[in-house]
Structures are given as structure tokens and as C-alpha cells.
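Structure data (compact mmCIF, C-alpha atoms) from work16.txt:
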# COMPACT_ATOMS: atom_id res chain seq x y z
CA MET A 1 -7.24 8.33 45.71
CA ILE A 2 -3.93 8.11 47.59
CA ASN A 3 -4.14 6.03 50.77
CA GLU A 4 -2.61 8.33 53.37
CA THR A 5 -2.59 5.64 56.03
CA LEU A 6 -0.41 3.37 53.91
CA ALA A 7 1.81 6.32 53.00
CA ARG A 8 2.35 7.19 56.69
CA ARG A 9 3.09 3.59 57.70
CA ALA A 10 5.50 3.15 54.78
CA LYS A 11 7.34 6.31 55.80
CA GLU A 12 7.59 5.17 59.43
CA ASN A 13 8.88 1.71 58.42
CA MET A 14 11.52 3.06 56.05
CA SER A 15 12.68 6.37 57.59
CA PHE A 16 13.55 7.98 60.89
CA SER A 17 11.85 11.25 59.90
CA ASP A 18 8.19 11.83 60.62
CA TYR A 19 5.54 11.67 57.93
CA LYS A 20 4.01 15.00 56.95
CA PRO A 21 0.23 14.49 56.62
CA GLY A 22 -0.99 14.87 53.03
CA SER A 23 2.50 14.88 51.52
CA ALA A 24 1.89 11.73 49.42
CA THR A 25 -1.30 13.19 47.99
CA ALA A 26 0.42 16.50 47.34
CA GLU A 27 3.25 14.79 45.42
CA PHE A 28 0.73 12.78 43.41
CA ASN A 29 -1.31 15.89 42.58
CA ALA A 30 1.83 17.75 41.52
CA GLU A 31 2.79 14.96 39.12
CA ILE A 32 -0.72 14.78 37.64
CA ALA A 33 -0.78 18.56 37.24
CA ARG A 34 2.54 18.41 35.38
CA VAL A 35 1.27 15.70 33.02
CA LYS A 36 -2.02 17.53 32.52
CA ALA A 37 -0.12 20.68 31.52
CA LEU A 38 1.87 18.68 28.96
CA ILE A 39 -1.31 17.17 27.55
CA GLU A 40 -3.12 20.51 27.35
CA THR A 41 -0.17 21.94 25.42
CA ALA A 42 -0.19 18.95 23.07
CA LYS A 43 -3.95 19.22 22.48
CA VAL A 44 -3.59 22.67 20.94
CA LYS A 45 -2.18 21.21 17.71
CA ALA A 46 -4.03 17.89 17.83
CA SER A 47 -7.15 16.74 16.00
CA PRO A 48 -10.36 15.97 17.93
CA GLU A 49 -9.58 12.24 17.71
CA ALA A 50 -6.08 12.78 19.10
CA GLN A 51 -7.43 15.08 21.82
CA GLU A 52 -9.74 12.29 22.92
CA ARG A 53 -6.82 9.85 23.03
CA LEU A 54 -4.81 12.35 25.07
CA ASP A 55 -7.68 12.70 27.55
CA ASN A 56 -7.89 8.93 27.82
CA LEU A 57 -4.13 8.80 28.38
CA LEU A 58 -4.38 11.30 31.25
CA SER A 59 -7.22 9.33 32.81
CA SER A 60 -5.39 6.01 32.59
CA TYR A 61 -2.12 7.52 33.82
CA THR A 62 -3.87 9.12 36.81
CA ARG A 63 -5.53 5.83 37.71
CA ASN A 64 -2.46 3.63 37.15
CA TYR A 65 -0.08 5.99 38.92
CA ALA A 66 -2.33 6.21 41.98
CA ASN A 67 -2.70 2.43 42.11
CA TRP A 68 1.04 2.00 41.77
CA ILE A 69 1.77 4.44 44.61
CA ASN A 70 -0.70 2.67 46.90
CA LYS A 71 0.74 -0.73 45.98
CA SER A 72 4.28 0.48 46.66
CA ASN A 73 3.28 2.02 49.99
CA SER A 74 1.42 -1.17 50.91
CA ASN A 75 4.54 -3.23 50.34
CA ASN A 76 6.68 -0.83 52.40
CA ALA A 77 4.03 -0.58 55.12
CA GLY A 78 4.07 -4.35 55.61
CA HIS A 79 7.80 -4.63 56.08
CA VAL A 80 10.14 -2.79 58.48
CA SER A 81 13.57 -1.96 57.07
CA VAL A 82 16.71 -3.23 58.78
CA MET A 83 17.62 0.42 59.38
CA ILE A 84 14.61 0.78 61.66
CA ALA A 85 14.37 -2.75 63.12
CA GLY A 86 18.09 -3.27 63.63
CA PRO A 87 20.19 -6.25 62.51
CA ALA A 88 19.47 -8.54 65.53
CA ASN A 89 17.14 -11.43 64.66
CA TYR A 90 16.19 -9.69 61.41
CA ASN A 91 13.86 -11.85 59.31
CA MET A 92 15.82 -12.26 56.06
CA ARG A 93 13.20 -14.57 54.55
CA ALA A 94 10.56 -11.86 54.93
CA HIS A 95 13.03 -9.35 53.54
CA GLU A 96 13.59 -11.47 50.42
CA LYS A 97 9.84 -11.71 49.84
CA TYR A 98 9.61 -7.94 50.25
CA LEU A 99 12.36 -7.41 47.66
CA ASN A 100 10.63 -9.75 45.19
CA ARG A 101 7.38 -7.84 45.56
CA GLU A 102 9.25 -4.56 45.21
CA ARG A 103 10.89 -5.79 41.99
CA LYS A 104 7.52 -6.69 40.48
CA ILE A 105 6.07 -3.33 41.52
CA TRP A 106 8.85 -1.48 39.71
CA GLU A 107 8.37 -3.70 36.66
CA GLU A 108 4.75 -2.54 36.60
CA TYR A 109 5.95 1.06 36.72
CA GLU A 110 7.93 0.46 33.53
CA GLN A 111 4.63 -0.14 31.69
CA PHE A 112 3.23 3.34 32.19
CA LYS A 113 6.23 5.60 32.81
CA ASN A 114 7.77 7.84 30.11
CA ILE A 115 4.49 9.69 29.79
CA GLU A 116 6.17 12.43 27.75
CA TRP A 117 7.07 9.89 25.05
CA LYS A 118 3.51 8.57 24.96
CA ILE A 119 2.11 12.08 24.56
CA GLN A 120 4.52 12.76 21.72
CA SER A 121 3.58 9.45 20.09
CA ILE A 122 -0.08 10.42 20.01
CA VAL A 123 0.70 13.86 18.59
CA SER A 124 3.03 12.40 15.95
CA GLY A 125 0.61 9.60 15.15
CA ASP A 126 -2.15 12.15 14.66
CA LYS A 127 -0.50 13.04 11.35
CA VAL A 128 -0.71 9.45 10.17
CA ILE A 129 -3.82 8.61 8.16
CA ARG A 130 -5.08 5.23 9.30
CA SER A 131 -7.26 3.11 7.06
CA ASP A 132 -9.77 2.57 9.87
CA ASP A 133 -10.24 6.30 10.44
CA LYS A 134 -13.81 7.39 9.68
CA ASN A 135 -12.52 10.31 7.64
CA ALA A 136 -9.57 8.46 6.08
CA VAL A 137 -10.76 9.11 2.51
CA GLU A 138 -11.28 12.83 3.12
CA LYS A 139 -7.89 13.12 4.85
CA ILE A 140 -6.10 11.41 1.96
CA LYS A 141 -7.85 13.62 -0.61
CA ALA A 142 -6.98 16.75 1.40
CA LYS A 143 -3.34 15.70 1.67
CA ILE A 144 -3.14 15.01 -2.07
CA GLU A 145 -4.60 18.43 -2.77
CA SER A 146 -2.13 20.13 -0.43
CA LEU A 147 0.80 18.44 -2.17
CA THR A 148 -0.43 19.07 -5.70
CA GLY A 149 1.18 22.09 -7.32
CA ALA A 150 3.70 22.62 -4.52
CA PRO A 151 7.40 23.03 -5.40
CA ASP A 152 8.97 19.60 -5.73
CA PRO A 153 12.60 19.86 -6.91
CA PHE A 154 13.54 16.36 -5.72
CA GLY A 155 10.33 14.51 -6.65
CA ASN A 156 9.51 13.50 -3.08
CA LYS A 157 6.05 15.06 -3.13
CA SER A 158 5.20 13.42 -6.44
CA ALA A 159 6.18 10.06 -4.98
CA GLU A 160 4.00 10.75 -1.93
CA ILE A 161 1.04 11.67 -4.16
CA ARG A 162 1.42 8.39 -6.04
CA ARG A 163 1.49 6.46 -2.78
CA LEU A 164 -1.58 8.27 -1.46
CA LYS A 165 -3.49 7.60 -4.66
CA GLY A 166 -2.72 3.93 -4.24
CA ARG A 167 -4.28 3.97 -0.78
CA LEU A 168 -7.25 5.98 -2.04
CA LEU A 169 -7.78 3.44 -4.82
CA GLU A 170 -8.00 0.69 -2.22
CA LEU A 171 -10.29 2.55 0.19
CA ALA A 172 -12.51 4.41 -2.29
CA PRO A 173 -12.21 3.07 -5.86
CA GLU A 174 -15.28 5.08 -6.81
CA GLU A 175 -13.17 8.23 -6.59
CA PHE A 176 -11.46 7.17 -9.84
CA ALA A 177 -14.57 6.14 -11.75
CA GLU A 178 -14.37 9.05 -14.20
CA GLN A 179 -10.66 8.60 -14.77
CA GLN A 180 -11.10 4.89 -15.42
CA ALA A 181 -14.04 5.51 -17.76
CA ASN A 182 -11.75 7.68 -19.92
CA THR A 183 -8.89 5.17 -19.90
CA THR A 184 -7.74 4.02 -23.35
CA VAL A 185 -4.82 2.10 -24.81
CA ASN A 186 -3.83 3.36 -28.26
CA GLY A 187 -7.27 4.94 -28.43
CA VAL A 188 -9.36 1.83 -27.65
CA LYS A 189 -11.15 0.83 -24.45
CA THR A 190 -12.57 -2.70 -24.39
CA TYR A 191 -10.80 -5.97 -23.68
CA ASP A 192 -11.26 -7.28 -27.24
CA GLU A 193 -10.09 -3.98 -28.77
CA ILE A 194 -6.97 -3.87 -26.57
CA LEU A 195 -6.21 -7.52 -27.34
CA ALA A 196 -6.55 -6.77 -31.06
CA LEU A 197 -3.70 -4.24 -30.72
CA TRP A 198 -1.36 -7.23 -30.72
CA GLY A 199 -1.79 -7.35 -34.48
CA ASN A 200 -0.19 -3.91 -34.76
CA GLY A 201 3.08 -5.20 -33.33
CA TYR A 202 5.97 -6.51 -35.37
CA ILE A 203 8.75 -9.09 -35.03
CA LYS A 204 12.32 -8.12 -35.73
CA LYS A 205 15.47 -10.17 -35.80
CA SER A 206 18.12 -9.03 -33.35
CA GLU A 207 21.22 -7.49 -34.91
CA TRP A 208 23.29 -7.35 -31.74
CA ASN A 209 24.69 -10.88 -31.98
CA PRO A 210 24.99 -12.09 -35.59
CA GLY A 211 26.25 -15.48 -34.40
CA GLU A 212 22.95 -16.28 -32.66
CA VAL A 213 19.42 -15.93 -33.98
CA HIS A 214 17.04 -14.03 -31.69
CA TYR A 215 13.67 -12.50 -32.51
CA TYR A 216 11.90 -9.80 -30.57
CA PHE A 217 8.32 -8.61 -30.60
CA TYR A 218 7.71 -4.82 -30.49
CA LEU A 219 4.48 -2.95 -29.83
CA PRO A 220 4.33 0.83 -29.09
CA LEU A 221 1.67 1.62 -26.50
CA ASP A 222 -0.04 4.84 -25.45
CA PHE A 223 -2.00 4.67 -22.20
CA TYR A 224 -4.34 7.63 -21.64
CA ASN A 225 -6.55 8.46 -18.67
CA GLY A 226 -8.28 11.54 -20.04
CA LYS A 227 -5.61 13.91 -18.76
CA ARG A 228 -2.19 12.42 -19.38
CA HIS A 229 -0.51 10.10 -21.89
CA TYR A 230 1.88 7.37 -20.78
CA LYS A 231 3.91 6.11 -23.73
CA GLU A 232 5.55 2.71 -23.38
CA LEU A 233 7.20 0.14 -25.64
CA LEU A 234 6.40 -3.54 -25.21
CA SER A 235 9.43 -5.61 -26.16
CA PHE A 236 10.39 -9.21 -25.40
CA GLU A 237 11.93 -12.25 -27.06
CA VAL A 238 9.72 -14.58 -29.13
CA ASP A 239 10.27 -17.34 -31.63
CA GLU A 240 10.31 -16.66 -35.36
CA THR A 241 6.55 -17.24 -35.68
CA GLY A 242 5.69 -15.05 -32.71
CA ASP A 243 3.49 -17.76 -31.22
CA ASN A 244 5.72 -18.43 -28.20
CA TYR A 245 7.79 -16.28 -25.89
CA HIS A 246 11.14 -16.90 -24.27
CA LYS A 247 11.30 -17.59 -20.54
CA PHE A 248 14.14 -18.84 -18.37
CA ASN A 249 13.06 -21.44 -15.82
CA LEU A 250 15.07 -20.82 -12.64
CA GLU A 251 14.26 -24.22 -11.17
CA LYS A 252 15.23 -26.22 -14.25
CA ARG A 253 17.99 -23.79 -15.20
CA GLU A 254 16.96 -23.89 -18.83
CA VAL A 255 15.09 -21.86 -21.44
CA GLU A 256 11.43 -22.56 -22.05
CA TRP A 257 9.13 -21.43 -24.82
CA ILE A 258 5.68 -20.57 -23.49
CA PRO A 259 2.64 -20.35 -25.83
CA LEU A 260 1.29 -16.80 -26.22
CA THR A 261 -2.38 -17.23 -25.36
CA ASP A 262 -4.84 -14.35 -25.59
CA GLU A 263 -4.74 -13.99 -21.81
CA ARG A 264 -0.93 -13.75 -21.78
CA LYS A 265 -0.95 -11.27 -24.67
CA TYR A 266 -3.38 -9.02 -22.82
CA TYR A 267 -1.37 -9.13 -19.58
CA PHE A 268 1.83 -8.40 -21.49
CA ILE A 269 0.16 -5.22 -22.79
CA ILE A 270 -1.28 -3.92 -19.51
CA SER A 271 1.83 -4.87 -17.51
CA LYS A 272 3.61 -1.90 -19.09
CA ILE A 273 1.42 0.50 -17.07
CA SER A 274 1.74 -1.25 -13.69
CA GLY A 275 3.07 0.98 -10.94
CA SER A 276 1.71 3.46 -8.43
CA GLY A 277 -0.49 6.56 -8.52
CA ASN A 278 -2.27 7.14 -11.84
CA LYS A 279 -0.56 4.10 -13.33
CA ALA A 280 -2.05 1.90 -10.62
CA VAL A 281 -5.51 3.32 -11.36
CA ILE A 282 -5.15 2.60 -15.09
CA TYR A 283 -3.70 -0.87 -14.52
CA GLN A 284 -6.44 -1.87 -12.06
CA HIS A 285 -9.11 -0.76 -14.52
CA LEU A 286 -7.54 -2.66 -17.43
CA LYS A 287 -7.05 -5.73 -15.27
CA ASN A 288 -10.73 -5.68 -14.34
CA LEU A 289 -11.67 -5.87 -18.05
CA THR A 290 -10.36 -9.42 -18.44
CA PRO A 291 -12.94 -12.23 -18.69
CA LYS A 292 -11.43 -13.85 -15.61
CA MET A 293 -11.88 -10.70 -13.49
CA GLN A 294 -15.35 -10.06 -14.89
CA ALA A 295 -16.39 -13.58 -13.91
CA ALA A 296 -14.87 -13.13 -10.45
CA LYS A 297 -16.69 -9.82 -10.08
CA ALA A 298 -19.99 -11.43 -11.01
CA VAL A 299 -19.41 -14.15 -8.43
CA GLU A 300 -18.47 -11.56 -5.81
CA GLU A 301 -21.57 -9.46 -6.50
CA SER A 302 -23.69 -12.57 -6.29
CA SER A 303 -21.94 -13.60 -3.09
CA ASN A 304 -22.34 -10.13 -1.62
CA SER A 305 -26.02 -10.07 -2.42
CA GLU A 306 -26.44 -13.46 -0.77
CA THR A 307 -24.39 -12.59 2.32
CA THR A 308 -25.94 -9.18 2.81
CA ASP A 309 -28.55 -10.92 4.97
CA THR A 310 -27.06 -14.09 6.40
CA ILE A 311 -24.31 -16.68 6.05
CA THR A 312 -23.70 -19.95 7.85
CA ILE A 313 -20.49 -20.63 9.77
CA ASN A 314 -20.05 -24.04 11.40
CA GLY A 315 -23.82 -24.48 11.32
CA GLU A 316 -24.48 -21.10 12.98
CA THR A 317 -26.23 -18.24 11.21
CA ALA A 318 -24.67 -14.78 11.12
CA LYS A 319 -25.75 -11.50 9.57
CA VAL A 320 -23.16 -9.75 7.39
CA VAL A 321 -22.89 -5.96 7.60
CA ARG A 322 -20.45 -3.88 5.57
CA ASN A 323 -20.28 -0.82 7.78
CA LYS A 324 -18.64 1.82 5.57
CA GLU A 325 -19.08 4.52 8.19
CA ASP A 326 -16.87 2.65 10.67
CA MET A 327 -14.92 0.87 7.87
CA ARG A 328 -15.70 -2.54 9.35
CA LEU A 329 -16.89 -5.88 7.98
CA GLN A 330 -19.15 -7.15 10.73
CA LEU A 331 -20.65 -10.57 11.47
CA MET A 332 -23.57 -10.57 13.91
CA PHE A 333 -24.85 -13.74 15.60
CA ASP A 334 -28.05 -14.20 17.59
CA GLY A 335 -26.05 -15.33 20.59
CA LYS A 336 -22.53 -16.28 21.60
CA PRO A 337 -21.01 -18.51 18.89
CA GLU A 338 -19.67 -21.93 19.79
CA THR A 339 -15.99 -22.38 20.59
CA LYS A 340 -15.16 -23.83 17.17
CA THR A 341 -16.98 -20.98 15.42
CA ARG A 342 -15.06 -18.43 17.47
CA GLU A 343 -11.79 -20.14 16.57
CA ILE A 344 -12.68 -19.94 12.87
CA LEU A 345 -13.46 -16.23 13.18
CA LYS A 346 -10.27 -15.46 15.10
CA SER A 347 -8.08 -17.41 12.68
CA ASN A 348 -9.49 -15.26 9.87
CA GLY A 349 -8.80 -11.94 11.62
CA PHE A 350 -12.24 -11.25 13.13
CA ARG A 351 -12.37 -9.92 16.69
CA TRP A 352 -15.27 -9.42 19.08
CA ALA A 353 -16.35 -5.77 19.46
CA PRO A 354 -18.72 -5.35 22.44
CA SER A 355 -19.53 -1.77 21.39
CA ASN A 356 -21.04 -3.04 18.11
CA MET A 357 -22.08 -6.49 19.36
CA ALA A 358 -20.34 -7.97 16.32
CA TRP A 359 -17.32 -9.93 15.20
CA GLN A 360 -15.51 -7.54 12.89
CA ARG A 361 -12.32 -6.55 11.07
CA LEU A 362 -11.22 -3.67 8.86
CA LEU A 363 -13.37 -3.41 5.73
CA ASN A 364 -11.01 -4.02 2.81
CA ASN A 365 -10.18 -6.62 0.17
CA ASN A 366 -8.43 -8.82 2.70
CA ALA A 367 -11.57 -8.90 4.84
CA GLU A 368 -13.68 -9.91 1.84
CA TRP A 369 -11.27 -12.72 0.98
CA ALA A 370 -11.32 -13.87 4.61
CA LEU A 371 -15.12 -13.98 4.50
CA LYS A 372 -14.97 -16.07 1.31
CA ARG A 373 -12.58 -18.50 2.98
CA ILE A 374 -14.96 -18.90 5.90
CA ILE A 375 -17.93 -19.48 3.60
CA GLU A 376 -16.04 -22.01 1.46
CA ALA A 377 -14.81 -23.84 4.56
Can you dump the structure from the file as C-alpha cells?
Amino acid sequence: MINETLARRAKENMSFSDYKPGSATAEFNAEIARVKALIETAKVKASPEAQERLDNLLSSYTRNYANWINKSNSNNAGHVSVMIAGPANYNMRAHEKYLNRERKIWEEYEQFKNIEWKIQSIVSGDKVIRSDDKNAVEKIKAKIESLTGAPDPFGNKSAEIRRLKGRLLELAPEEFAEQQANTTVNGVKTYDEILALWGNGYIKKSEWNPGEVHYYFYLPLDFYNGKRHYKELLSFEVDETGDNYHKFNLEKREVEWIPLTDERKYYFIISKISGSGNKAVIYQHLKNLTPKMQAAKAVEESSNSETTDTITINGETAKVVRNKEDMRLQLMFDGKPETKTREILKSNGFRWAPSNMAWQRLLNNNAEWALKRIIEA
């Protein structure tokens, strides 16, 4: 792997001492052995996926380091130093070219040195749960379980659980199906029943500033997910009739009175439960009950059923595959798409994956919206 001939010539051109046969290979092997020992130590605490990345790192480092040594020796072997040649009639132009090549060679070394840092990055990154991991859902569930019930005097673990539940809701909404089925607001479940709760509210004149007349609407709310109650109070300024609500327009710098439609009333109610963790689960479920979201869901299901087989992009037919095992939304063409088609795919986040013979991106809501944009375009 190490070119001994180049190593010997480089030594002769740059030093008065003789080259010891095999010394370049021995130094290379010693460095690779050192790195291998570091990687083997790191693999003890790493997951199988991280162990594979560490093995790949060792392989690439071995290859790149050997190529770099040979390239450096080749540059030194092709140029005799002034120390050996002497100053008389020394070719400074050739020396400048040599220095430029040497500078570029050392710039290349910067790209793969600090191997210890790269090993540590893989080990540290192994603890991070990536959305494109095949076992991302299981890892998130296991982490939530490990944090649940543990001492939490400062609330940090509770905050982490809420964040993890938000990610789980995005990756596997079916995990919360039972919780969402039990969700109620003041004991009712449907959109019409929740909207009807508005009639239980009351309007009260503000007593804080007798010189000005202000009215506020109040509605006590109790959100329940089958295990826990979240009590909130909806309160905001309205007119005396309660048909309009007060809003300050930042652009116009003036107060506006906005009509309270059924849609606005419903969103006012469910906005009191927006947040993270269990609150996010409840809010997402209640949001999906609106006629607008139900219509969008019907369109999406219809679109999904139509695109399960094929879609047309720039006149070219592609098969759509939602690969949940690899967490990828994949588009498969019969052949290589045209340049314009490839530009459309790239601009919407799709990249060519030779291993799957597909244009793909991470399977999530953003990918679905990107696919809709492509279809509409």
C-alpha cells in the first residue's frame, strides 16, 4: 500500500541520511494500529450501526492516509532540496511549483486528520436518535420509558419526555391512537359538541378601568386524554354582543374587531391546549376534527391512493413507494429522468439513491407536501 520506492527517493532528495528499507511502511502500520486500537475501544460502547460507521471510518482513513503518504513522497521524490543540490544554479521556479504542490497536499491532510475527534463524534452521535434510523420509533419509546418515573427535581426529564413525544407523534402518530380516542373537552368529543361549548361561556364587563368600557369572554375548559386533566381558562376581549373579538393590527397600528366565526371559535378553544408532549397529542387530534382538516385528509387519502401506483412529473411516469422500513418516500422511474425532471426533484429535496434505484427523501409530512407540490406543478 505504501510505495517504498517513492519513500526511498523522497528520503534521498530531502536528507543526507540513508533510507531504512520498510521504514515508511512500518510508520504507516504503526499509525493504523494506533487508530484501530482507538476504534476497537470505542466500539465496546457503541451500537451496531455506530460500529459499522467506525469500521467504515477506519477503512477510509487507512486508504486516504496511504494515498496521502504516497502523494507526499511523490512530490518530494520529484524535487531535490537546496540542501542536497546546493545553491548554485538552483531552479527556483521548480522549487516554487514544488512548494505549491506541497501546500495543496497538506490542505488535503486537513480533511482527514484529527481522527480522534471523528471517532468521538460517531460515539457521541450514536446517542442521538435520528428520524431516518430504522429503529427510531423504538429508540424514542425506550428513551421515554427510561425517563418516566425517574427523579426529576428540576423538571428537565419531564421537558425531555414532552419533546420526545412530539417527535414520536410526527414519526408514529398511530402510537397515540388510544389516547386521542379518549380525548374530550369538558366531557364532549366531536367538533360540533366542542363548538357548542361556546354557549357555556359568559361575557363580563371589566372592572379594572372604570373610565373605559371593556368586555371579556370567559370559558372554563377541561381537556382530558383518558389519564390526565388539563384545566384552562379561555379569556379574551370581545364587544358587548360577543360577536366580534378585539385584535390590534400591527401594520395599521390600530384596533380591529374581527367577526367570531364558528371556525375562529373552535380554534380559540383548542388553542388553550397547544404545546408539547401530551398537549401536542391532544391539540393535533382536536385540530384534525375541523371540517377543513377532514376535507384535507380526504383529499390526501385520495391522493395517496392514486399515487400509490404512479404519478406524472414533467410528462414522465414514476412509481411512488412509501418505504416505512427505511423511512423514505421514493419515486421510481423506468429509466433516467430528463434534466428538467431531475431539477424538479432536486429542488423539492429528492436525491438519487443508487442502492434503492429511486429518487427519495425522508418520509415525513414535509416529503408529502413536496410530493403534492410536484404533482400540482
Do you have the atom CA of A:Glu40-atom CA of A:Thr25 distance handy?
-> 22.0 Å
Atom CA of A:Ser347 to atom CA of A:Ile374 measures 9.8 Å
A:Ile115, A:Ile122, A:Val188, A:Ala94 ranked by distance to A:Leu54, top pick (using only C-alpha atoms) = A:Ile122
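Residues in contact with A:Leu260 at up to 8 Å, not including ones fewer than 4 positions away on its chain and judged by only C-alpha atoms, are A:Asp243, A:Asn244, A:Tyr245, A:Arg264, A:Lys265.
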When you draw a straight line from atom CA of A:Lys45 to atom CA of A:Tyr65, how long is it in Å?
->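 Atom CA of A:Tyr65 lies at a distance of 26.2 Å from atom CA of A:Lys45.
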Would you write out, as JSON lines, a table of all residues in stretch 82-179 of chain A that have an atom no more than 10 Å from an atom of stretch 266-281 of chain A, listing for each the closest atom pair and the distance in Å to one decimal, considering all atoms listed in the file and ordering rows by chain and rising residue number?
{"residue": "A:Ser158", "atom": "CA", "partner": "A:Gly277", "partner_atom": "CA", "distance": 9.2}
{"residue": "A:Ala159", "atom": "CA", "partner": "A:Gly277", "partner_atom": "CA", "distance": 8.3}
{"residue": "A:Glu160", "atom": "CA", "partner": "A:Gly277", "partner_atom": "CA", "distance": 9.0}
{"residue": "A:Ile161", "atom": "CA", "partner": "A:Gly277", "partner_atom": "CA", "distance": 6.9}
{"residue": "A:Arg162", "atom": "CA", "partner": "A:Gly277", "partner_atom": "CA", "distance": 3.6}
{"residue": "A:Arg163", "atom": "CA", "partner": "A:Gly277", "partner_atom": "CA", "distance": 6.1}
{"residue": "A:Leu164", "atom": "CA", "partner": "A:Gly277", "partner_atom": "CA", "distance": 7.3}
{"residue": "A:Lys165", "atom": "CA", "partner": "A:Gly277", "partner_atom": "CA", "distance": 5.0}
{"residue": "A:Gly166", "atom": "CA", "partner": "A:Gly277", "partner_atom": "CA", "distance": 5.5}
{"residue": "A:Arg167", "atom": "CA", "partner": "A:Gly277", "partner_atom": "CA", "distance": 9.0}
{"residue": "A:Leu168", "atom": "CA", "partner": "A:Gly277", "partner_atom": "CA", "distance": 9.4}
{"residue": "A:Leu169", "atom": "CA", "partner": "A:Val281", "partner_atom": "CA", "distance": 6.9}
{"residue": "A:Glu170", "atom": "CA", "partner": "A:Val281", "partner_atom": "CA", "distance": 9.8}
{"residue": "A:Pro173", "atom": "CA", "partner": "A:Val281", "partner_atom": "CA", "distance": 8.7}
{"residue": "A:Phe176", "atom": "CA", "partner": "A:Val281", "partner_atom": "CA", "distance": 7.2}
{"residue": "A:Ala177", "atom": "CA", "partner": "A:Val281", "partner_atom": "CA", "distance": 9.5}
{"residue": "A:Gln179", "atom": "CA", "partner": "A:Val281", "partner_atom": "CA", "distance": 8.1}
Near stretch 228-239 of chain A, within 10 Å and counting all atoms listed in the file, which residues show up once chain neighbours fewer than 2 positions away are dropped, as a VMD selection string?
-> chain A and resid 183 to 186 201 to 206 213 to 226 241 to 247 257 to 260 268 to 273 278 to 279
Got a sec: who's within 7 Å of stretch 324-333 of chain A, counting all atoms listed in the file, leaving out chain neighbours fewer than 4 positions off, as a ChimeraX atom specification?
-> /A:132,134,317-320,337,357-363,367
Same residues, C-alpha atoms, output as a PDB file, in the coordinates of the input:
ATOM      1  CA  ASP A 132      -9.770   2.570   9.870  1.00  0.00           C
ATOM      2  CA  LYS A 134     -13.810   7.390   9.680  1.00  0.00           C
ATOM      3  CA  THR A 317     -26.230 -18.240  11.210  1.00  0.00           C
ATOM      4  CA  ALA A 318     -24.670 -14.780  11.120  1.00  0.00           C
ATOM      5  CA  LYS A 319     -25.750 -11.500   9.570  1.00  0.00           C
ATOM      6  CA  VAL A 320     -23.160  -9.750   7.390  1.00  0.00           C
ATOM      7  CA  PRO A 337     -21.010 -18.510  18.890  1.00  0.00           C
ATOM      8  CA  MET A 357     -22.080  -6.490  19.360  1.00  0.00           C
ATOM      9  CA  ALA A 358     -20.340  -7.970  16.320  1.00  0.00           C
ATOM     10  CA  TRP A 359     -17.320  -9.930  15.200  1.00  0.00           C
ATOM     11  CA  GLN A 360     -15.510  -7.540  12.890  1.00  0.00           C
ATOM     12  CA  ARG A 361     -12.320  -6.550  11.070  1.00  0.00           C
ATOM     13  CA  LEU A 362     -11.220  -3.670   8.860  1.00  0.00           C
ATOM     14  CA  LEU A 363     -13.370  -3.410   5.730  1.00  0.00           C
ATOM     15  CA  ALA A 367     -11.570  -8.900   4.840  1.00  0.00           C
TER      16      ALA A 367
END
